[in-house]
>>> print(open('structure_17.csv').read())   # CSV, C-alpha atoms
chain,number,residue,atom,x,y,z
A,131,MET,CA,0.0,0.0,0.0
A,132,GLN,CA,1.5,3.3,-1.0
A,133,ILE,CA,0.9,6.1,1.6
A,134,GLU,CA,0.4,9.5,0.0
A,135,LYS,CA,3.5,11.6,0.9
A,136,HIS,CA,1.5,14.7,1.9
A,137,LYS,CA,-0.7,12.8,4.4
A,138,ARG,CA,-0.3,12.9,8.2
A,139,LEU,CA,-0.9,9.7,10.1
A,140,MET,CA,-1.7,9.8,13.8
A,141,PRO,CA,-1.5,7.1,16.3
A,142,SER,CA,-4.8,5.6,17.3
A,143,GLU,CA,-6.1,6.6,20.7
A,144,GLN,CA,-6.6,2.9,21.5
A,145,VAL,CA,-2.8,2.3,21.4
A,146,LEU,CA,-0.5,2.4,24.4
A,147,PHE,CA,3.1,3.1,23.8
A,148,GLN,CA,6.1,2.3,26.0
A,149,GLU,CA,9.8,2.8,25.1
A,150,VAL,CA,12.3,0.3,26.5
A,151,ASN,CA,16.0,0.7,25.7
A,152,GLY,CA,15.4,2.8,22.6
A,153,GLU,CA,12.8,0.4,21.2
A,154,ALA,CA,9.0,0.5,21.6
A,155,VAL,CA,6.3,-1.8,22.6
A,156,LEU,CA,2.8,-0.9,21.4
A,157,LEU,CA,-0.4,-2.4,22.9
A,158,ASP,CA,-3.6,-2.2,20.8
A,159,LEU,CA,-6.4,-2.0,23.4
A,160,ASN,CA,-9.0,-3.1,20.8
A,161,SER,CA,-7.3,-6.4,19.9
A,162,GLU,CA,-5.2,-6.8,23.0
A,163,SER,CA,-2.2,-7.4,20.7
A,164,TYR,CA,1.4,-6.3,21.3
A,165,PHE,CA,3.6,-4.9,18.6
A,166,GLY,CA,7.3,-4.2,18.7
A,167,LEU,CA,9.2,-1.4,17.0
A,168,ASP,CA,13.0,-1.2,16.5
A,169,GLN,CA,15.0,2.1,17.0
A,170,VAL,CA,14.0,3.5,13.6
A,171,GLY,CA,10.4,2.4,14.0
A,172,THR,CA,10.3,4.1,17.4
A,173,ARG,CA,11.7,7.3,15.9
A,174,ILE,CA,8.9,7.1,13.2
A,175,TRP,CA,6.3,6.6,15.9
A,176,ALA,CA,7.6,9.8,17.7
A,177,MET,CA,7.2,11.7,14.5
A,178,LEU,CA,3.7,10.4,14.0
A,179,ASN,CA,2.9,11.8,17.5
A,180,GLU,CA,4.4,15.2,16.4
A,181,GLY,CA,2.1,15.3,13.3
A,182,VAL,CA,5.0,15.1,10.8
A,183,GLU,CA,4.0,14.5,7.1
A,184,VAL,CA,5.3,11.3,5.5
A,185,SER,CA,7.5,13.3,3.0
A,186,GLU,CA,9.0,15.4,5.8
A,187,MET,CA,9.5,12.2,7.9
A,188,VAL,CA,11.7,10.7,5.1
A,189,ASP,CA,13.8,13.9,4.9
A,190,LEU,CA,14.3,14.0,8.7
A,191,LEU,CA,15.3,10.3,8.8
A,192,LEU,CA,17.8,10.8,5.9
A,193,GLU,CA,19.6,13.4,8.1
A,194,GLU,CA,19.7,11.0,11.0
A,195,TYR,CA,20.6,7.6,9.4
A,196,GLU,CA,23.0,6.5,6.6
A,197,VAL,CA,20.6,5.1,4.0
A,198,ASP,CA,19.6,6.0,0.5
A,199,ARG,CA,16.3,7.7,-0.2
A,200,VAL,CA,14.8,4.9,-2.2
A,201,THR,CA,15.4,2.3,0.4
A,202,LEU,CA,14.2,4.6,3.2
A,203,GLU,CA,11.0,5.5,1.4
A,204,LYS,CA,10.3,1.9,0.8
A,205,ASP,CA,10.9,0.9,4.4
A,206,VAL,CA,8.9,3.9,5.8
A,207,ASP,CA,6.0,3.1,3.4
A,208,GLU,CA,6.0,-0.5,4.4
A,209,LEU,CA,6.0,0.2,8.2
A,210,LEU,CA,3.3,2.9,7.9
A,211,ALA,CA,1.2,0.5,5.7
A,212,ASN,CA,1.6,-2.2,8.4
A,213,LEU,CA,0.6,0.2,11.2
A,214,LEU,CA,-2.4,1.4,9.2
A,215,GLU,CA,-3.5,-2.2,8.4
A,216,ALA,CA,-3.2,-3.2,12.0
A,217,GLY,CA,-5.3,-0.2,13.1
A,218,LEU,CA,-2.5,1.3,15.1
A,219,VAL,CA,-2.6,4.6,13.1
A,220,GLN,CA,-5.2,6.6,11.2
A,221,VAL,CA,-5.1,9.1,8.4
>>> encode(input="structure_17.csv", output="structure tokens")
Amino acid sequence: MQIEKHKRLMPSEQVLFQEVNGEAVLLDLNSESYFGLDQVGTRIWAMLNEGVEVSEMVDLLLEEYEVDRVTLEKDVDELLANLLEAGLVQV
């Protein structure tokens, strides 16, 4: 699923977030399911909470991590699509 670059995704109000050693654990209160995020996923979750647009998110991550734009866009899109499909975020 391709997420439109000008969209803003926000975490669902039904998701609890806890950071542990730079990584995150998410609890979906609706499904009572746990999800884990690595360091980059945790950074993306923080940007979602800040209301950062998808395109700006990629630009910020390019400054923070050594990765090429194409790979990063693909990885961010995949993570956001998975979060959206799981109901953890909303447009």
>>> closest_residue(input="structure_17.csv", among="A:Val155, A:Leu191, A:Asp207, A:Asn160", to="Glu143 (chain A)", atoms="all atoms listed in the file")
A:Asn160
>>> atom_distance(input="structure_17.csv", atom1="CA of Glu194 (chain A)", atom2="CA of Glu180 (chain A)")
16.8 Å
>>> residues_around(input="structure_17.csv", residues="Asp189 (chain A)", least_positions_apart="5", cutoff="12 Å", atoms="all atoms listed in the file", output="PDB file with C-alpha atoms, in the coordinates of the input")
ATOM      1  CA  LYS A 135       3.500  11.600   0.900  1.00  0.00           C
ATOM      2  CA  ILE A 174       8.900   7.100  13.200  1.00  0.00           C
ATOM      3  CA  MET A 177       7.200  11.700  14.500  1.00  0.00           C
ATOM      4  CA  VAL A 182       5.000  15.100  10.800  1.00  0.00           C
ATOM      5  CA  GLU A 183       4.000  14.500   7.100  1.00  0.00           C
ATOM      6  CA  VAL A 184       5.300  11.300   5.500  1.00  0.00           C
ATOM      7  CA  GLU A 194      19.700  11.000  11.000  1.00  0.00           C
ATOM      8  CA  TYR A 195      20.600   7.600   9.400  1.00  0.00           C
ATOM      9  CA  GLU A 196      23.000   6.500   6.600  1.00  0.00           C
ATOM     10  CA  VAL A 197      20.600   5.100   4.000  1.00  0.00           C
ATOM     11  CA  ASP A 198      19.600   6.000   0.500  1.00  0.00           C
ATOM     12  CA  ARG A 199      16.300   7.700  -0.200  1.00  0.00           C
ATOM     13  CA  VAL A 200      14.800   4.900  -2.200  1.00  0.00           C
ATOM     14  CA  LEU A 202      14.200   4.600   3.200  1.00  0.00           C
ATOM     15  CA  GLU A 203      11.000   5.500   1.400  1.00  0.00           C
ATOM     16  CA  VAL A 206       8.900   3.900   5.800  1.00  0.00           C
TER      17      VAL A 206
END
>>> residues_around(input="structure_17.csv", residues="Thr172 (chain A)", least_positions_apart="2", cutoff="12 Å", atoms="all atoms listed in the file", output="PDB file with C-alpha atoms, in the frame of the given file")
ATOM      1  CA  PHE A 147       3.100   3.100  23.800  1.00  0.00           C
ATOM      2  CA  GLN A 148       6.100   2.300  26.000  1.00  0.00           C
ATOM      3  CA  GLU A 149       9.800   2.800  25.100  1.00  0.00           C
ATOM      4  CA  VAL A 150      12.300   0.300  26.500  1.00  0.00           C
ATOM      5  CA  ASN A 151      16.000   0.700  25.700  1.00  0.00           C
ATOM      6  CA  GLY A 152      15.400   2.800  22.600  1.00  0.00           C
ATOM      7  CA  GLU A 153      12.800   0.400  21.200  1.00  0.00           C
ATOM      8  CA  ALA A 154       9.000   0.500  21.600  1.00  0.00           C
ATOM      9  CA  VAL A 155       6.300  -1.800  22.600  1.00  0.00           C
ATOM     10  CA  LEU A 156       2.800  -0.900  21.400  1.00  0.00           C
ATOM     11  CA  PHE A 165       3.600  -4.900  18.600  1.00  0.00           C
ATOM     12  CA  GLY A 166       7.300  -4.200  18.700  1.00  0.00           C
ATOM     13  CA  LEU A 167       9.200  -1.400  17.000  1.00  0.00           C
ATOM     14  CA  ASP A 168      13.000  -1.200  16.500  1.00  0.00           C
ATOM     15  CA  GLN A 169      15.000   2.100  17.000  1.00  0.00           C
ATOM     16  CA  VAL A 170      14.000   3.500  13.600  1.00  0.00           C
ATOM     17  CA  ILE A 174       8.900   7.100  13.200  1.00  0.00           C
ATOM     18  CA  TRP A 175       6.300   6.600  15.900  1.00  0.00           C
ATOM     19  CA  ALA A 176       7.600   9.800  17.700  1.00  0.00           C
ATOM     20  CA  MET A 177       7.200  11.700  14.500  1.00  0.00           C
ATOM     21  CA  LEU A 178       3.700  10.400  14.000  1.00  0.00           C
ATOM     22  CA  ASN A 179       2.900  11.800  17.500  1.00  0.00           C
ATOM     23  CA  LEU A 191      15.300  10.300   8.800  1.00  0.00           C
ATOM     24  CA  VAL A 206       8.900   3.900   5.800  1.00  0.00           C
ATOM     25  CA  LEU A 209       6.000   0.200   8.200  1.00  0.00           C
ATOM     26  CA  LEU A 210       3.300   2.900   7.900  1.00  0.00           C
TER      27      LEU A 210
END
>>> residues_near_point(input="structure_17.csv", point="(-4.2, 11.3, 4.9)", cutoff="6 Å", atoms="only C-alpha atoms", output="PyMOL selection string")
chain A and resi 137-138+221
>>> write_last_selection(input="structure_17.csv", atoms="C-alpha atoms", output="mmCIF file, in the frame of the given file")
data_model
loop_
_atom_site.group_PDB
_atom_site.id
_atom_site.type_symbol
_atom_site.label_atom_id
_atom_site.label_comp_id
_atom_site.auth_asym_id
_atom_site.auth_seq_id
_atom_site.Cartn_x
_atom_site.Cartn_y
_atom_site.Cartn_z
ATOM 1 C CA LYS A 137 -0.700 12.800 4.400
ATOM 2 C CA ARG A 138 -0.300 12.900 8.200
ATOM 3 C CA VAL A 221 -5.100 9.100 8.400
#
>>> residues_around(input="structure_17.csv", residues="Leu146 (chain A)", least_positions_apart="4", cutoff="8 Å", atoms="only C-alpha atoms", output="short mmCIF file (atom, residue, chain, number, x, y, z; two decimals) with C-alpha atoms, keeping the file's coordinate frame")
data_model
loop_
_atom_site.label_atom_id
_atom_site.label_comp_id
_atom_site.auth_asym_id
_atom_site.auth_seq_id
_atom_site.Cartn_x
_atom_site.Cartn_y
_atom_site.Cartn_z
CA LEU A 156 2.80 -0.90 21.40
CA LEU A 157 -0.40 -2.40 22.90
CA ASP A 158 -3.60 -2.20 20.80
CA LEU A 159 -6.40 -2.00 23.40
#
>>> residues_near_point(input="structure_17.csv", point="(0.6, 3.9, 18.1)", cutoff="6 Å", atoms="only C-alpha atoms", output="ChimeraX atom specification")
/A:141-142,145,218-219
>>> atom_distance(input="structure_17.csv", atom1="CA of Leu139 (chain A)", atom2="CA of Leu214 (chain A)")
8.5 Å
>>> atom_distance(input="structure_17.csv", atom1="CA of Met187 (chain A)", atom2="CA of Arg173 (chain A)")
9.6 Å
>>> decode(input="structure_17.csv", residues="region 200-221 of chain A", atoms="N, CA, C and O atoms", output="compact mmCIF listing (two decimals), in the first residue's frame")
# COMPACT_ATOMS: atom_id res chain seq x y z
N VAL A 200 15.71 5.88 -1.70
CA VAL A 200 14.79 4.87 -2.25
C VAL A 200 14.52 3.78 -1.21
O VAL A 200 13.37 3.39 -0.98
N THR A 201 15.58 3.29 -0.58
CA THR A 201 15.42 2.25 0.44
C THR A 201 14.61 2.77 1.62
O THR A 201 13.70 2.09 2.11
N LEU A 202 14.92 3.98 2.06
CA LEU A 202 14.22 4.56 3.20
C LEU A 202 12.74 4.77 2.90
O LEU A 202 11.89 4.43 3.72
N GLU A 203 12.43 5.33 1.73
CA GLU A 203 11.02 5.55 1.36
C GLU A 203 10.26 4.23 1.36
O GLU A 203 9.13 4.16 1.84
N LYS A 204 10.90 3.18 0.81
CA LYS A 204 10.25 1.86 0.76
C LYS A 204 10.01 1.34 2.17
O LYS A 204 8.92 0.86 2.49
N ASP A 205 11.02 1.44 3.03
CA ASP A 205 10.89 0.93 4.39
C ASP A 205 9.87 1.71 5.21
O ASP A 205 9.07 1.12 5.96
N VAL A 206 9.87 3.04 5.08
CA VAL A 206 8.89 3.87 5.81
C VAL A 206 7.49 3.55 5.32
O VAL A 206 6.57 3.39 6.12
N ASP A 207 7.33 3.45 4.01
CA ASP A 207 6.01 3.14 3.44
C ASP A 207 5.51 1.79 3.93
O ASP A 207 4.35 1.65 4.30
N GLU A 208 6.40 0.81 3.98
CA GLU A 208 6.01 -0.53 4.43
C GLU A 208 5.60 -0.51 5.91
O GLU A 208 4.58 -1.10 6.28
N LEU A 209 6.37 0.17 6.75
CA LEU A 209 6.03 0.24 8.16
C LEU A 209 4.70 0.96 8.36
O LEU A 209 3.82 0.48 9.09
N LEU A 210 4.52 2.09 7.70
CA LEU A 210 3.27 2.85 7.86
C LEU A 210 2.07 2.06 7.36
O LEU A 210 1.01 2.08 7.98
N ALA A 211 2.24 1.34 6.26
CA ALA A 211 1.16 0.51 5.73
C ALA A 211 0.80 -0.59 6.74
O ALA A 211 -0.39 -0.87 6.96
N ASN A 212 1.80 -1.19 7.34
CA ASN A 212 1.56 -2.24 8.35
C ASN A 212 0.85 -1.67 9.57
O ASN A 212 -0.07 -2.28 10.12
N LEU A 213 1.29 -0.49 10.03
CA LEU A 213 0.64 0.15 11.17
C LEU A 213 -0.81 0.51 10.86
O LEU A 213 -1.70 0.33 11.69
N LEU A 214 -1.04 1.00 9.65
CA LEU A 214 -2.38 1.37 9.22
C LEU A 214 -3.28 0.14 9.13
O LEU A 214 -4.40 0.13 9.63
N GLU A 215 -2.76 -0.92 8.52
CA GLU A 215 -3.53 -2.16 8.38
C GLU A 215 -3.89 -2.76 9.73
O GLU A 215 -4.97 -3.32 9.93
N ALA A 216 -2.97 -2.64 10.69
CA ALA A 216 -3.21 -3.18 12.04
C ALA A 216 -4.11 -2.28 12.87
O ALA A 216 -4.49 -2.65 13.99
N GLY A 217 -4.44 -1.10 12.34
CA GLY A 217 -5.32 -0.18 13.07
C GLY A 217 -4.60 0.61 14.15
O GLY A 217 -5.24 1.20 15.01
N LEU A 218 -3.26 0.63 14.09
CA LEU A 218 -2.49 1.35 15.11
C LEU A 218 -2.38 2.84 14.81
O LEU A 218 -2.08 3.62 15.70
N VAL A 219 -2.58 3.21 13.54
CA VAL A 219 -2.56 4.61 13.13
C VAL A 219 -3.77 4.87 12.25
O VAL A 219 -4.39 3.96 11.72
N GLN A 220 -4.07 6.15 12.09
CA GLN A 220 -5.18 6.55 11.20
C GLN A 220 -4.76 7.79 10.42
O GLN A 220 -3.90 8.54 10.86
N VAL A 221 -5.37 7.97 9.26
CA VAL A 221 -5.06 9.13 8.40
C VAL A 221 -5.77 10.34 8.95
O VAL A 221 -6.91 10.29 9.35
